[in-house]
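Okay, structure first, notes after.
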Amino acid sequence: MNNLLRKLLDDRLAQDFFTRETTKVAHDLLGKLLVSYHNKILLVGKIVETEAYRSDDPASHTYRGKTERNSTMFGPIGHAYVYINYGIHYGFNVVARDENFPAGGVLIRAVEPLEGIEVMKKNRHSASDASLKNLTNGPGKLTQAFGITKVDDHLDLLTSSKIFLAKNSIYPHENYTIEKSSRIGISKAREYLWRFYIKKLS
DNA sequence: CACCCGATTATCT
DNA sequence: GATAATCGGGTGT
């Protein structure tokens, strides 16, 4: 268990990964790992769906400039931007942008549970169906399963071990293609195909 | 399985 | 005062 955590920390994604054009980072995060180590509990999920939100994008929280809520996305690259959505759910993003944009982030929309599945099920107590499929297949679901809340807004994912992102050199690599589409749940900029997801090949 | 709708509140206008 | 980067339960096919 401790060896696993050490290995994951060795594989952590660094600042240069996130200091690139936001849609490129969103694309390349697919297949990477979302890791949380908190209260001696290790949770790991493979990222299978993301969305890019750039500051020149009418659908982004940052489109109309800096406010108290969105200030994280104008701040240091690699930090976590956690926002409350629909009054009920949390959304988890990582700040990512190149020098052409003052703000930007990638929303992690879905992961596949790999480690700590029983804890995730417990965290998702409200789920009537605690099956693997319904555990972390949505932005509000994965934050609930991982215990990510508003207190994690602004957390530095480049140095924190509570939450970080890592490449996958541990778990089996499956064959898949990367698909893109319009983003979910937005009314503006529907023509931007900035949602990326993994489609498994059988 | 597809669609529809209510819940619930921070944030912005 | 309206909207929202969602979810889960319900209804109907």
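In the structure tokens, each chain is lettered A, B, ... as it comes, each chain's residues begin at 1, and ligands are numbered from 1 in order of appearance.
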Mind listing as JSON, numbers by chain which residues of chain A are within 7 Å of chain C, counting only C-alpha atoms (C1' of nucleotides)?
{"A": [85, 86, 89, 140, 185, 186]}
Residues of chain A within 10 Å of chain B, counting only C-alpha atoms (C1' of nucleotides) - could you list those as a PyMOL selection string?
chain A and resi 67-69+83-89
Convert the current residue selection to file output with N, CA, C and O atoms, as a PDB file, in the first residue's frame.
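Listing of selection_16.pdb after writing:
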```pdb
ATOM      1  N   THR A  67     -13.412  36.976 -10.746  1.00  0.00           N
ATOM      2  CA  THR A  67     -14.307  37.212  -9.614  1.00  0.00           C
ATOM      3  C   THR A  67     -13.794  36.387  -8.446  1.00  0.00           C
ATOM      4  O   THR A  67     -12.824  35.643  -8.577  1.00  0.00           O
ATOM      5  N   GLU A  68     -14.473  36.524  -7.312  1.00  0.00           N
ATOM      6  CA  GLU A  68     -14.020  35.757  -6.151  1.00  0.00           C
ATOM      7  C   GLU A  68     -14.113  34.250  -6.411  1.00  0.00           C
ATOM      8  O   GLU A  68     -13.216  33.490  -6.078  1.00  0.00           O
ATOM      9  N   ARG A  69     -15.222  33.822  -7.023  1.00  0.00           N
ATOM     10  CA  ARG A  69     -15.398  32.385  -7.266  1.00  0.00           C
ATOM     11  C   ARG A  69     -14.331  31.820  -8.170  1.00  0.00           C
ATOM     12  O   ARG A  69     -13.760  30.765  -7.896  1.00  0.00           O
ATOM     13  N   TYR A  83     -15.671  24.119  -7.563  1.00  0.00           N
ATOM     14  CA  TYR A  83     -16.806  25.046  -7.516  1.00  0.00           C
ATOM     15  C   TYR A  83     -18.073  24.273  -7.156  1.00  0.00           C
ATOM     16  O   TYR A  83     -18.171  23.061  -7.334  1.00  0.00           O
ATOM     17  N   ILE A  84     -19.033  25.012  -6.625  1.00  0.00           N
ATOM     18  CA  ILE A  84     -20.332  24.424  -6.313  1.00  0.00           C
ATOM     19  C   ILE A  84     -21.262  24.673  -7.490  1.00  0.00           C
ATOM     20  O   ILE A  84     -21.317  25.766  -8.023  1.00  0.00           O
ATOM     21  N   ASN A  85     -21.970  23.654  -7.859  1.00  0.00           N
ATOM     22  CA  ASN A  85     -22.768  23.711  -9.063  1.00  0.00           C
ATOM     23  C   ASN A  85     -24.176  23.202  -8.768  1.00  0.00           C
ATOM     24  O   ASN A  85     -24.346  22.235  -8.040  1.00  0.00           O
ATOM     25  N   TYR A  86     -25.153  23.895  -9.289  1.00  0.00           N
ATOM     26  CA  TYR A  86     -26.562  23.585  -9.046  1.00  0.00           C
ATOM     27  C   TYR A  86     -26.872  23.562  -7.555  1.00  0.00           C
ATOM     28  O   TYR A  86     -27.808  22.890  -7.128  1.00  0.00           O
ATOM     29  N   GLY A  87     -26.064  24.279  -6.771  1.00  0.00           N
ATOM     30  CA  GLY A  87     -26.323  24.362  -5.349  1.00  0.00           C
ATOM     31  C   GLY A  87     -26.063  23.095  -4.577  1.00  0.00           C
ATOM     32  O   GLY A  87     -26.151  23.092  -3.343  1.00  0.00           O
ATOM     33  N   ILE A  88     -25.722  22.019  -5.249  1.00  0.00           N
ATOM     34  CA  ILE A  88     -25.669  20.714  -4.594  1.00  0.00           C
ATOM     35  C   ILE A  88     -24.342  19.995  -4.795  1.00  0.00           C
ATOM     36  O   ILE A  88     -23.856  19.336  -3.891  1.00  0.00           O
ATOM     37  N   HIS A  89     -23.798  20.103  -5.987  1.00  0.00           N
ATOM     38  CA  HIS A  89     -22.660  19.269  -6.363  1.00  0.00           C
ATOM     39  C   HIS A  89     -21.368  20.066  -6.417  1.00  0.00           C
ATOM     40  O   HIS A  89     -21.384  21.282  -6.578  1.00  0.00           O
TER      41      HIS A  89
END
```
Pull the strand (DSSP E) assignments for segment 75-163 of chain A out of DSSP run on the backbone, and list those residues as a list in words.
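Strand (DSSP E) members of segment 75-163 of chain A, listed: Ala80, Tyr81, Val82, Tyr83, Ile84, Asn85, His89, Tyr90, Gly91, Phe92, Asn93, Val94, Val95, Gly104, Gly105, Val106, Leu107, Ile108, Arg109, Ala110, Val111, Glu112, Pro113, Leu114, Glu115 and Ile163 of chain A.
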So that I can see what lies close to Ala52 of chain A, please list as a PyMOL selection string the residues with an atom at most 9 Å from it, counting only C-alpha atoms (C1' of nucleotides) and leaving out residues fewer than 5 positions away in the same chain.
chain A and resi 22-27+60+96+104-107+183+194-196
Atom CA of Asn70 of chain A to atom CA of Phe164 of chain A: how many Å, to one decimal?
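Between these atoms lies a distance of 20.2 Å.
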With a distance cut-off of 10 Å and only C-alpha atoms (C1' of nucleotides), select the neighbouring residues of Ile108 of chain A, excluding the residue or stretch itself and same-chain residues fewer than 3 positions from it, and output the selection as a CSV table (one decimal) with N, CA and C atoms (P, O5', C5', C4', C3', O3' and C1' of nucleotides), in the first residue's frame.
```csv
chain,number,residue,atom,x,y,z
A,26,ALA,N,-6.6,18.8,-21.7
A,26,ALA,CA,-7.8,18.1,-21.4
A,26,ALA,C,-7.7,16.7,-22.2
A,29,LEU,N,-5.1,14.3,-20.6
A,29,LEU,CA,-5.4,13.8,-19.2
A,29,LEU,C,-6.1,12.5,-19.3
A,30,LEU,N,-6.7,12.1,-20.4
A,30,LEU,CA,-7.4,10.9,-20.5
A,30,LEU,C,-6.4,9.7,-20.3
A,34,LEU,N,-6.3,10.0,-11.2
A,34,LEU,CA,-6.7,10.9,-10.2
A,34,LEU,C,-6.4,10.2,-8.8
A,47,ILE,N,-8.8,8.5,-15.3
A,47,ILE,CA,-9.6,9.6,-16.0
A,47,ILE,C,-10.1,9.1,-17.3
A,48,VAL,N,-11.4,9.2,-17.5
A,48,VAL,CA,-12.0,8.7,-18.8
A,48,VAL,C,-12.8,9.8,-19.5
A,49,GLU,N,-13.0,11.0,-18.9
A,49,GLU,CA,-13.8,12.0,-19.5
A,49,GLU,C,-13.4,13.4,-18.9
A,50,THR,N,-13.1,14.4,-19.8
A,50,THR,CA,-12.7,15.7,-19.4
A,50,THR,C,-13.4,16.8,-20.3
A,51,GLU,N,-13.3,18.0,-19.8
A,51,GLU,CA,-13.8,19.1,-20.6
A,51,GLU,C,-12.8,20.3,-20.4
A,52,ALA,N,-12.5,21.0,-21.5
A,52,ALA,CA,-11.6,22.2,-21.4
A,52,ALA,C,-12.5,23.5,-21.3
A,91,GLY,N,-17.7,20.4,-8.5
A,91,GLY,CA,-17.0,20.1,-9.7
A,91,GLY,C,-15.5,20.3,-9.5
A,92,PHE,N,-14.7,19.4,-10.0
A,92,PHE,CA,-13.2,19.4,-9.8
A,92,PHE,C,-12.5,19.7,-11.1
A,93,ASN,N,-11.7,20.7,-11.1
A,93,ASN,CA,-10.9,21.1,-12.2
A,93,ASN,C,-9.4,21.2,-11.8
A,94,VAL,N,-8.5,21.2,-12.9
A,94,VAL,CA,-7.1,21.5,-12.6
A,94,VAL,C,-6.8,22.7,-13.5
A,105,GLY,N,-9.0,26.0,-17.3
A,105,GLY,CA,-9.0,24.8,-16.5
A,105,GLY,C,-9.6,23.7,-17.2
A,111,VAL,N,-14.2,9.3,-13.9
A,111,VAL,CA,-13.0,8.4,-13.7
A,111,VAL,C,-13.6,7.0,-13.6
A,138,GLY,N,-19.5,10.8,-13.4
A,138,GLY,CA,-20.1,12.1,-13.5
A,138,GLY,C,-19.3,13.1,-12.6
A,139,PRO,N,-19.2,14.4,-13.0
A,139,PRO,CA,-18.4,15.3,-12.2
A,139,PRO,C,-18.8,15.4,-10.7
A,140,GLY,N,-20.1,15.4,-10.5
A,140,GLY,CA,-20.6,15.5,-9.1
A,140,GLY,C,-20.4,14.2,-8.4
A,142,LEU,N,-17.9,11.9,-8.9
A,142,LEU,CA,-16.5,11.6,-8.5
A,142,LEU,C,-16.0,12.4,-7.4
A,143,THR,N,-16.5,13.7,-7.3
A,143,THR,CA,-16.1,14.5,-6.2
A,143,THR,C,-16.7,13.9,-4.9
A,196,PHE,N,-13.7,15.6,-24.1
A,196,PHE,CA,-12.9,14.5,-24.6
A,196,PHE,C,-13.3,13.3,-23.7
C,5,DA,P,-22.6,26.6,-16.1
C,5,DA,O5',-22.0,25.1,-16.3
C,5,DA,C5',-22.7,24.2,-17.1
C,5,DA,C4',-21.9,22.9,-17.0
C,5,DA,C3',-21.9,22.2,-15.6
C,5,DA,O3',-21.8,20.8,-15.8
C,5,DA,C1',-19.8,22.9,-16.2
```
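Picture a line from atom CA of Ile117 of chain A to atom CA of Leu155 of chain A; it runs 23.6 Å.
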Segment 81-180 of chain A: which residues are helix (DSSP H, G or I) by DSSP, as a PyMOL selection string?
chain A and resi 117-123+132-135+139-146+150-152
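Using only C-alpha atoms (C1' of nucleotides), the contacts of Gly78 of chain A at a cut-off of 8 Å, with sequence neighbours closer than 5 positions omitted, comprise Ala14, Gln15, Phe18, Val94, Val95, Ala96, Asp156, Leu157 and Leu158 of chain A.
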Would you mind reading off the distance between atom CA of Glu21 of chain A and atom CA of Lys188 of chain A, one decimal, in Å?
20.5 Å
